[in-house]
Amino acid sequence: MPGVEVTTQRLCRATLRGPWLAAGIVALHPMSEKHWKSVVSQSVCDYFFEAQEKAADVENVPPVISTPHHYLISIYRDKLFFVSVIQTEVPPLFVIEFLHRVADTFQDYFGECSEAAIKDNVVIVYELLEEMLDNGFPLATESNILKELIKPPTILRSVVNSITGSSNVGDTLPTGQLSNIPWRRAGVKYTNNEAYFDVVEEIDAIIDKSGSTVFAEIQGVIDACIKLSGMPDLSLSFMNPRLLDDVSFHPCIRFKRWESERVLSFIPPDGNFRLISYRVSSQNLVAIPVYVKHSISFKENSSCGRFDITIGPKQNMGKTIEAITVTVHMPKVVLNMNLTPTQGSYTFDPVTKVLTWDVGKITPQKLPSLKGLVNLQSGAPKPEENPSLNIQFKIQQLAISGLKVNRLDMYGEKYKPFKGVKYVTKAGKFQVRT
Amino acid sequence: MQRFLQLPGAAVRPGGREADQEAASPVLAPEGGAPPWYQALQPEELRWLQAPEEDTTPEESLEGPCPEASQSQSQPLRHDDLKAMLDTNKDSLKLEAMKRIVAMIARGKNASDLFPAVVKNVACKNIEVKKLVYVYLVRYAEEQQDLALLSISTFQRGLKDPNQLIRASALRVLSSIRVPIIVPIMMLAIKEAASDMSPYVRKTAAHAIPKLYSLDSDQKDQLIEVIEKLLADKTTLVAGSVVMAFEEVCPERIDLIHKNYRKLCNLLIDVEEWGQVVIISMLTRYARTQFLSPTQNESLLEENSEKAFYGSEEDEAKGPGSEEAASTALPTRKPYVMDPDHRLLLRNTKPLLQSRSAAVVMAVAQLYFHLAPKAEVGVIAKALVRLLRSHSEVQYVVLQNVATMSIKRRGMFEPYLKSFYIRSTDPTQIKILKLEVLTNLANETNIPTVLREFQTYIRSMDKDFVAATIQAIGRCATNIGRVRDTCLNGLVQLLSNRDELVVAESVVVIKKLLQMQPAQHGEIIKHLAKLTDNIQVPMARASILWLIGEYCEHVPRIAPDVLRKMAKSFTAEEDIVKLQVINLAAKLYLTNSKQTKLLTQYVLSLAKYDQNYDIRDRARFTRQLIVPSEQGGALSRHAKKLFLAPKPAPVLESSFKDRDHFQLGSLSHLLNAKATGYQELPDWPEEAPDPSVRNVEVPEWTKCSNREKRKEKEKPFYSDSEGESGPTESADSDPESESESESKSSSESGSGESSSESDNEDQEEDEEKGRSSESEQSEEEGKKKKMKKRKKVPEGQEGGSSSDEGSDSSSSSSESEMTSETEEEQVEPASWRKKTPPSSKSAPAAKEVSLLDLEDFTPPSVQPVSPPTVVSTSLAADLEGLTLTDSPLVPSLLSPVSGAGRQELLHRVAGEGLAVDYTFSRQPFSGDPHMVSVHIHFSNSSDTPIKGLHVGTPKLPPGISIQEFPEIESLAPGESTTVVMGINFCDSTQAANFQLCTQTRQFYVSIQPPVGELMAPVFLSENEFKKEQAKLTGMNEITEKLTLPDTCRSDHIVVQKVTATANLGRVPCGTSDEYRFAGRTLTSGSLVLLTLDARPTGAAQLTVNSEKMVIGTMLVKDVVQALTQ
């Protein structure tokens, strides 16, 4: 935890010291004088640090902080804070959305959005922000366009650049910005033309003490990785599109076509992108693939308690449930835990009081369980609440909602692409109350 | 943590101050540094100088913050090495130097002394160097104004570059240089760029406007002119940016929006996400000033004075006198009818709820919340709930807004109650907001579930959250009487909780609840009294004391005892508790003075010497009031009334109540305080301002084709299927922009060469301009036309046709890419009629176009685009023949090439040897799509040539116009000839009377069209047909029952008969015994839908749906006649 603290502090300072991030967005509504002059007063950060100090947890730093002359809007991503300084009224989501887009872009360019990556590529970061914002208004935020303007760094390119003295900035002009489909760059060529779709569904659920479902819904996304030459026009149809309760689209999708025929028709961006995200909310459709038997008790006036959980499969559609992990935030009074797993391994961090049990696969013959004793701080009152269990799991080759891709057709190009669809079901915010 | 914080913090602040000083006096700065640091760094710097190619990353980027910070404090700013690198000829060295400089800027170091060295490189060829120089320039120009001026000429040259992207980037940098002296140059550049032919440059101009405004607000008036101009722009690229500029510079000039309102609504869907947010939020404000509240259905007065205000601007305004007369004559209330423009906005924003951008979804949600009728607001709930899966910051903002909405419209979110359930892993701030929403949503029916949920929350480890839950329970208890006792009991149980915070919070809430019905709860008060020994939280102690004092008659024995205890510990209490002790003492003294007189006096004396003057004041005041004395009797007689007056129960309400007077989704709403620059959301007007200010006059001849094209192209994504029924005028300009950008990008991707593309674009731009200027012209013409006959037709038409060509060719070439299914639809001859035969359309270009024409995979409603072309009719007819033979899949149109046979216009006897017949050719008239084209056959049966055949002055009913055929110089005996003339019948069956003149004679003739010839077929899909039909019900629907004779029961014959009677197109139909036909009237373009439901028995029902009821009725009559004969 202290480590995280330092990192965030440091980055936060780094971001705000340079006018780049702060200033770029400072200008969102032109307080520009402040910004363009060198006095993007760094003292503004102090308000942020103060708020951060006040919030015990990094997650609890309010996204919007009001200071006497400015407003600070921040996001927290990958252990970094991105802060923007605003001077006038602006929809806060506008800024938050933009900051996330910036973080996405860094992720896209550098492979990770970390302090080290940003520091290593400070010039590219600066160039990117220059293109993404003009006087504080977002300009080019589509990654396809940005990549035309500024090439992402790769090891090979940096070697070549250092030898030949060429640069990261694209020398072609970004014609994509002018087109009607700004999300796709022009002149894409591949030798292998491939289109992959990952249907990823996450089950969000709250299971109560007795094992009944309080709340459950499926959140799904279809992530696409499209590497097709030219200007392909794709249409993706489903066997059972009516399942999708609420859908949000990448801008490339023709809404009308979906409305009338329930077919996703689009000219895709090049590379990886999220095609749609959807929700299946009607509760009876949501199958809960696992159950947990638990008995956690703390004895009154003694410094120990018992802990016993067993996980079993339930409605798994004949597939194996893999990569099960159970995470439990134990009460503060817990000092240590002595447990024996029948399968997998467990760790308990006495500082954060987090118990993690890495279970692996479930074999129905022998259900995995974790049993043992809990040592409590002596003298402290017994905890009132039993901790809730957060469960992660993964089921390959299955979309739990039953969604199935019917077919993918391509128009507009002659070649035959290689197509593939993969289904995965995961636990989202899957919580068992005990 | 404290330590960690202090370390960098301490480092930052001096560093920051230093930087400021340096900035203030850049000249002094270089010598300011401490030499030791410089020396320490030197070797490294030298290494960089010697081998700059070795590594591209700036050297300090990997170092920790502390050395870096201290460097920035004391590093000298000489940078000789960098200057040397910038002065070399090698691009790679320059680049390296610039990268290091930018890295310095990024880290907040001052690099201003390098300005002269850097600015020299502004003309560098290398793009990356150039860009980095721009970055530098923008950052430091303001400090070094004189030197910055050196670079200006480079940008001015850039502004003239043939490449649009270079022009744009020059303008962008130029406008970012904050040097007041160049304001006139900037102004000029912006003005020029605003009329640039490239939409991208215009967009950049829009971005430059706020920059200039912030630099020099005196330019406002001129800038508003530019904004006005740009607002009229028709491209999606510009729309978002210019509205942003509008919001920055002149948000109060709402009148600038009128003319562009409909265009903005229609473009909205294709604008990029950021622009959408800005436009939607501006339109929300606009709608609030222009439309009536949809929620107050009644008490709307007739429009009046408001209207007069706008009256000067618009043409059709009635005189104020007539209005007054109207308002007095009519009853003062009329039912609310939503303005079609209001509806248009709601309809066009709805699909955006599906956007991936949370900001757009929120913007639409707030628009619906503020503008939509109650029944329709519900649609936003689902989308907002979806956002709850997003990043926690998004959740935070969305929940704030949901909290506000859920107070006003609880029903909207009730179905999603469970989505607001709290997980132990949520951050506390999210938990508390969700709790707020849950509380707002709780009602009689769902309260048991909500309370059960609350019970689990109370046992959470997060104590702040528990406290919030207890308050939430309190609120539920006050709001829902049924559960009050349950809640109270629950809370009392919490009093035995181990956590003091929980207990304290419970006490406070219990106190509030008890105030509502104190009589029944003596036991609880007793219980609470006992707690005073244990609870240490001041607020809770104070609450208990207040309760005991207030209800001391319910606990007569305990109260004095409590006072005794409190008196003992008085000095150690918190101020808030002390005040309540005084209160308690006073109340007890008044009710039970026998037991408590001494205690009270003791407490008051303690208070008299308290350190806090509030307490001293209170003590003195109380003593005067309750202790009877000789002088101050007046008030003390009423002391009991003063202290023991019945007090109203507190109302526990949400902190989000009434927050909706701030525009939702705004920063001000989030902070619940007005942020700088917040534009108030105006209240609905009492009377609707004149809606006609939004009318954009459209030349009549373009209206029809525009409507059609709009349907095809204007809304490639998300477009609502009902989008069509918007006001006709609104779409006037859109298709052009679409076609323009389409053909542009097609040429780009085809050639890949930016220069050729810009050329291409210039052309199109010119066309566009030509067209728009022309439309004004012909608009006037359109007005004149009604009054007198129109003589100068061709001029306007010629121009129109050439500009239409561009869009037309793109659409047709995209059609050529279509599958056979769509080819079937494509019977429309007009699209083939152009100079180049379709086959010559080169494939590669066509392909790109088809991809961009995003509608083309749905069977498009290819309607008679009927563009005016310059091609002669005969060629058109030839080409048409070609198409028909090429695509034999078109049964419906094969049969009736001409509608109702040959009709006689002039008998050869009456015409003294000249016989004239006419037929309705059913081809679109080449000159004007609103005209019915009539083929006139002349044959000379006399034995002398007839010379100079032409049309004489027609006497036409208003609205009807004709386009004469070219004069026939001579018709030899025995010869016959055919000419085409066009008649605009104005959608009526009135006869067109005119004279046929020869050199010698004049013949009065008249052509009366059958109603079936007043329309042209339209191709709709089955769904579209049904949708359109559903809109045309009631008065617009005419139904007739008939019996089909035996001869008339086969498909073929029915279709043939119907199409022979009326110029309609067949619509595919799922069921076998139903026939559907669709067409549009030529002049007004209103849909005519005909359905024939034929039973095998012969019984049939004919339905015609059309806005034009007269046409509908007549059509029914004609068709019935044709079928039953």
# chains A, B, ... in the order shown; residues from 1 in each chain; ligands from 1
call {"tool": "residues_around", "arguments": {"residues": "Ile510 in chain B", "least_positions_apart": "3", "cutoff": "9 Å", "atoms": "only C-alpha atoms", "output": "list of chain:residue names"}}
result
B:Gly474, B:Leu488, B:Leu491, B:Val492, B:Glu505, B:Ser506, B:Val507, B:Leu513, B:Leu514, B:Gln515, B:Ile524
call {"tool": "residues_around", "arguments": {"residues": "range 435-448 of chain B", "least_positions_apart": "2", "cutoff": "9 Å", "atoms": "only C-alpha atoms", "output": "VMD selection string"}}
result
chain B and resid 399 to 400 402 to 404 406 to 407 410 to 411 413 to 414 417 to 418 420 to 422 430 to 433 450 to 454 465 468 to 469 472 to 473 475 to 476 479 to 483 654 to 656
call {"tool": "residues_around", "arguments": {"residues": "Thr320 in chain A", "least_positions_apart": "5", "cutoff": "12 Å", "atoms": "only C-alpha atoms", "output": "JSON list (two decimals) with N, CA and C atoms, in the first residue's frame"}}
result
[["chain", "number", "residue", "atom", "x", "y", "z"],
["A", 289, "PRO", "N", -23.07, -20.28, -12.36],
["A", 289, "PRO", "CA", -22.34, -21.53, -12.58],
["A", 289, "PRO", "C", -21.74, -22.16, -11.33],
["A", 290, "VAL", "N", -21.59, -21.43, -10.26],
["A", 290, "VAL", "CA", -20.97, -22.03, -9.07],
["A", 290, "VAL", "C", -21.82, -21.78, -7.83],
["A", 312, "GLY", "N", -18.60, -25.52, -5.40],
["A", 312, "GLY", "CA", -19.08, -26.59, -6.27],
["A", 312, "GLY", "C", -19.67, -26.05, -7.54],
["A", 313, "PRO", "N", -19.74, -26.85, -8.57],
["A", 313, "PRO", "CA", -20.30, -26.39, -9.83],
["A", 313, "PRO", "C", -21.81, -26.48, -9.84],
["A", 314, "LYS", "N", -22.42, -25.65, -10.62],
["A", 314, "LYS", "CA", -23.87, -25.58, -10.66],
["A", 314, "LYS", "C", -24.19, -25.01, -12.02],
["A", 315, "GLN", "N", -25.04, -25.61, -12.75],
["A", 315, "GLN", "CA", -25.43, -25.09, -14.06],
["A", 315, "GLN", "C", -24.25, -24.67, -14.92],
["A", 360, "GLY", "N", -8.10, -22.91, -9.06],
["A", 360, "GLY", "CA", -7.89, -23.65, -10.32],
["A", 360, "GLY", "C", -9.20, -24.19, -10.83],
["A", 361, "LYS", "N", -9.17, -25.42, -11.34],
["A", 361, "LYS", "CA", -10.37, -26.03, -11.92],
["A", 361, "LYS", "C", -11.23, -26.70, -10.85],
["A", 362, "ILE", "N", -12.49, -26.86, -11.17],
["A", 362, "ILE", "CA", -13.34, -27.65, -10.29],
["A", 362, "ILE", "C", -13.48, -29.04, -10.89],
["A", 363, "THR", "N", -13.17, -30.04, -10.11],
["A", 363, "THR", "CA", -13.51, -31.41, -10.53],
["A", 363, "THR", "C", -14.67, -31.86, -9.67],
["A", 364, "PRO", "N", -15.76, -32.24, -10.31],
["A", 364, "PRO", "CA", -16.99, -32.53, -9.56],
["A", 364, "PRO", "C", -16.81, -33.69, -8.57],
["A", 393, "PHE", "N", -14.00, -16.59, -11.87],
["A", 393, "PHE", "CA", -13.85, -17.85, -12.58],
["A", 393, "PHE", "C", -13.95, -17.59, -14.08],
["A", 394, "LYS", "N", -13.76, -18.63, -14.82],
["A", 394, "LYS", "CA", -13.71, -18.48, -16.27],
["A", 394, "LYS", "C", -14.26, -19.75, -16.87],
["A", 395, "ILE", "N", -15.08, -19.63, -17.86],
["A", 395, "ILE", "CA", -15.55, -20.81, -18.58],
["A", 395, "ILE", "C", -15.26, -20.57, -20.05],
["A", 396, "GLN", "N", -14.44, -21.43, -20.62],
["A", 396, "GLN", "CA", -14.10, -21.25, -22.03],
["A", 396, "GLN", "C", -15.22, -21.79, -22.91],
["A", 397, "GLN", "N", -15.28, -21.30, -24.11],
["A", 397, "GLN", "CA", -16.18, -21.84, -25.13],
["A", 397, "GLN", "C", -17.65, -21.75, -24.76],
["A", 398, "LEU", "N", -18.00, -20.78, -23.97],
["A", 398, "LEU", "CA", -19.39, -20.68, -23.58],
["A", 398, "LEU", "C", -19.76, -19.22, -23.35],
["A", 424, "VAL", "N", -16.16, -16.64, -24.17],
["A", 424, "VAL", "CA", -15.66, -16.83, -22.81],
["A", 424, "VAL", "C", -16.70, -16.28, -21.85],
["A", 425, "THR", "N", -16.89, -16.99, -20.77],
["A", 425, "THR", "CA", -17.71, -16.44, -19.69],
["A", 425, "THR", "C", -16.82, -16.26, -18.48]]
call {"tool": "closest_residue", "arguments": {"among": "B:Glu252, B:Asp233, B:Glu273, B:Asp146", "to": "chain A", "atoms": "only C-alpha atoms"}}
result
B:Glu273
call {"tool": "select_by_dssp", "arguments": {"residues": "range 249-460 of chain B", "states": "alpha helix (DSSP H)", "output": "MDAnalysis selection string"}}
result
chainID B and resid 249 261:267 273:290 305:311 320:329 340:349 358:371 374:377 379:387 392:408 410:413 428:441 447:458
call {"tool": "residues_around", "arguments": {"residues": "Pro556 in chain B", "least_positions_apart": "2", "cutoff": "12 Å", "atoms": "only C-alpha atoms", "output": "list in words"}}
result
Gly522, Ile525, Lys526, Ala529, Ile548, Gly549, Glu550, Tyr551, Cys552, Glu553, His554, Ile558, Ala559, Pro560, Asp561, Val562, Leu563, Lys587, Leu588, Thr591, Asn592, Ser593, Gln595 and Thr596 of chain B
call {"tool": "residues_around", "arguments": {"residues": "Gly1098 in chain B", "least_positions_apart": "6", "cutoff": "9 Å", "atoms": "only C-alpha atoms", "output": "VMD selection string"}}
result
chain B and resid 1042 to 1046 1048 to 1049
call {"tool": "write_last_selection", "arguments": {"atoms": "N, CA and C atoms", "output": "short mmCIF file (atom, residue, chain, number, x, y, z; two decimals), in the first residue's frame"}}
result
data_model
loop_
_atom_site.label_atom_id
_atom_site.label_comp_id
_atom_site.auth_asym_id
_atom_site.auth_seq_id
_atom_site.Cartn_x
_atom_site.Cartn_y
_atom_site.Cartn_z
N LEU B 1042 -64.92 -3.74 -52.06
CA LEU B 1042 -65.33 -4.01 -53.43
C LEU B 1042 -65.28 -5.51 -53.68
N THR B 1043 -65.87 -5.92 -54.75
CA THR B 1043 -65.82 -7.33 -55.14
C THR B 1043 -65.10 -7.42 -56.47
N LEU B 1044 -64.10 -8.24 -56.49
CA LEU B 1044 -63.35 -8.37 -57.73
C LEU B 1044 -64.08 -9.32 -58.66
N PRO B 1045 -64.26 -8.93 -59.88
CA PRO B 1045 -64.88 -9.85 -60.84
C PRO B 1045 -63.94 -11.03 -61.11
N ASP B 1046 -64.49 -12.09 -61.61
CA ASP B 1046 -63.70 -13.31 -61.83
C ASP B 1046 -62.49 -13.06 -62.71
N CYS B 1048 -60.68 -10.80 -62.82
CA CYS B 1048 -59.68 -9.90 -62.23
C CYS B 1048 -59.12 -10.49 -60.94
N ARG B 1049 -58.82 -11.78 -60.95
CA ARG B 1049 -58.37 -12.35 -59.68
C ARG B 1049 -56.92 -12.82 -59.70
#
call {"tool": "select_by_dssp", "arguments": {"residues": "range 123-333 of chain A", "states": "strand (DSSP E or B)", "output": "MDAnalysis selection string"}}
result
chainID A and resid 133:134 137:138 150 169 194:207 213:227 233:238 246:249 253 263:266 271:280 290:298 304:313 322:329
call {"tool": "closest_residue", "arguments": {"among": "A:Val421, A:Val90, A:Ala51, A:Leu228", "to": "chain B", "atoms": "only C-alpha atoms"}}
result
A:Val90
call {"tool": "closest_residue", "arguments": {"among": "A:Gly428, A:Gly379, A:Gly372, A:Pro63", "to": "chain B", "atoms": "only C-alpha atoms"}}
result
A:Pro63
call {"tool": "atom_distance", "arguments": {"atom1": "CA of Asn993 in chain B", "atom2": "CA of Gln903 in chain B"}}
result
15.1 Å
call {"tool": "atom_distance", "arguments": {"atom1": "CA of Leu501 in chain B", "atom2": "CA of Ile582 in chain B"}}
result
24.7 Å
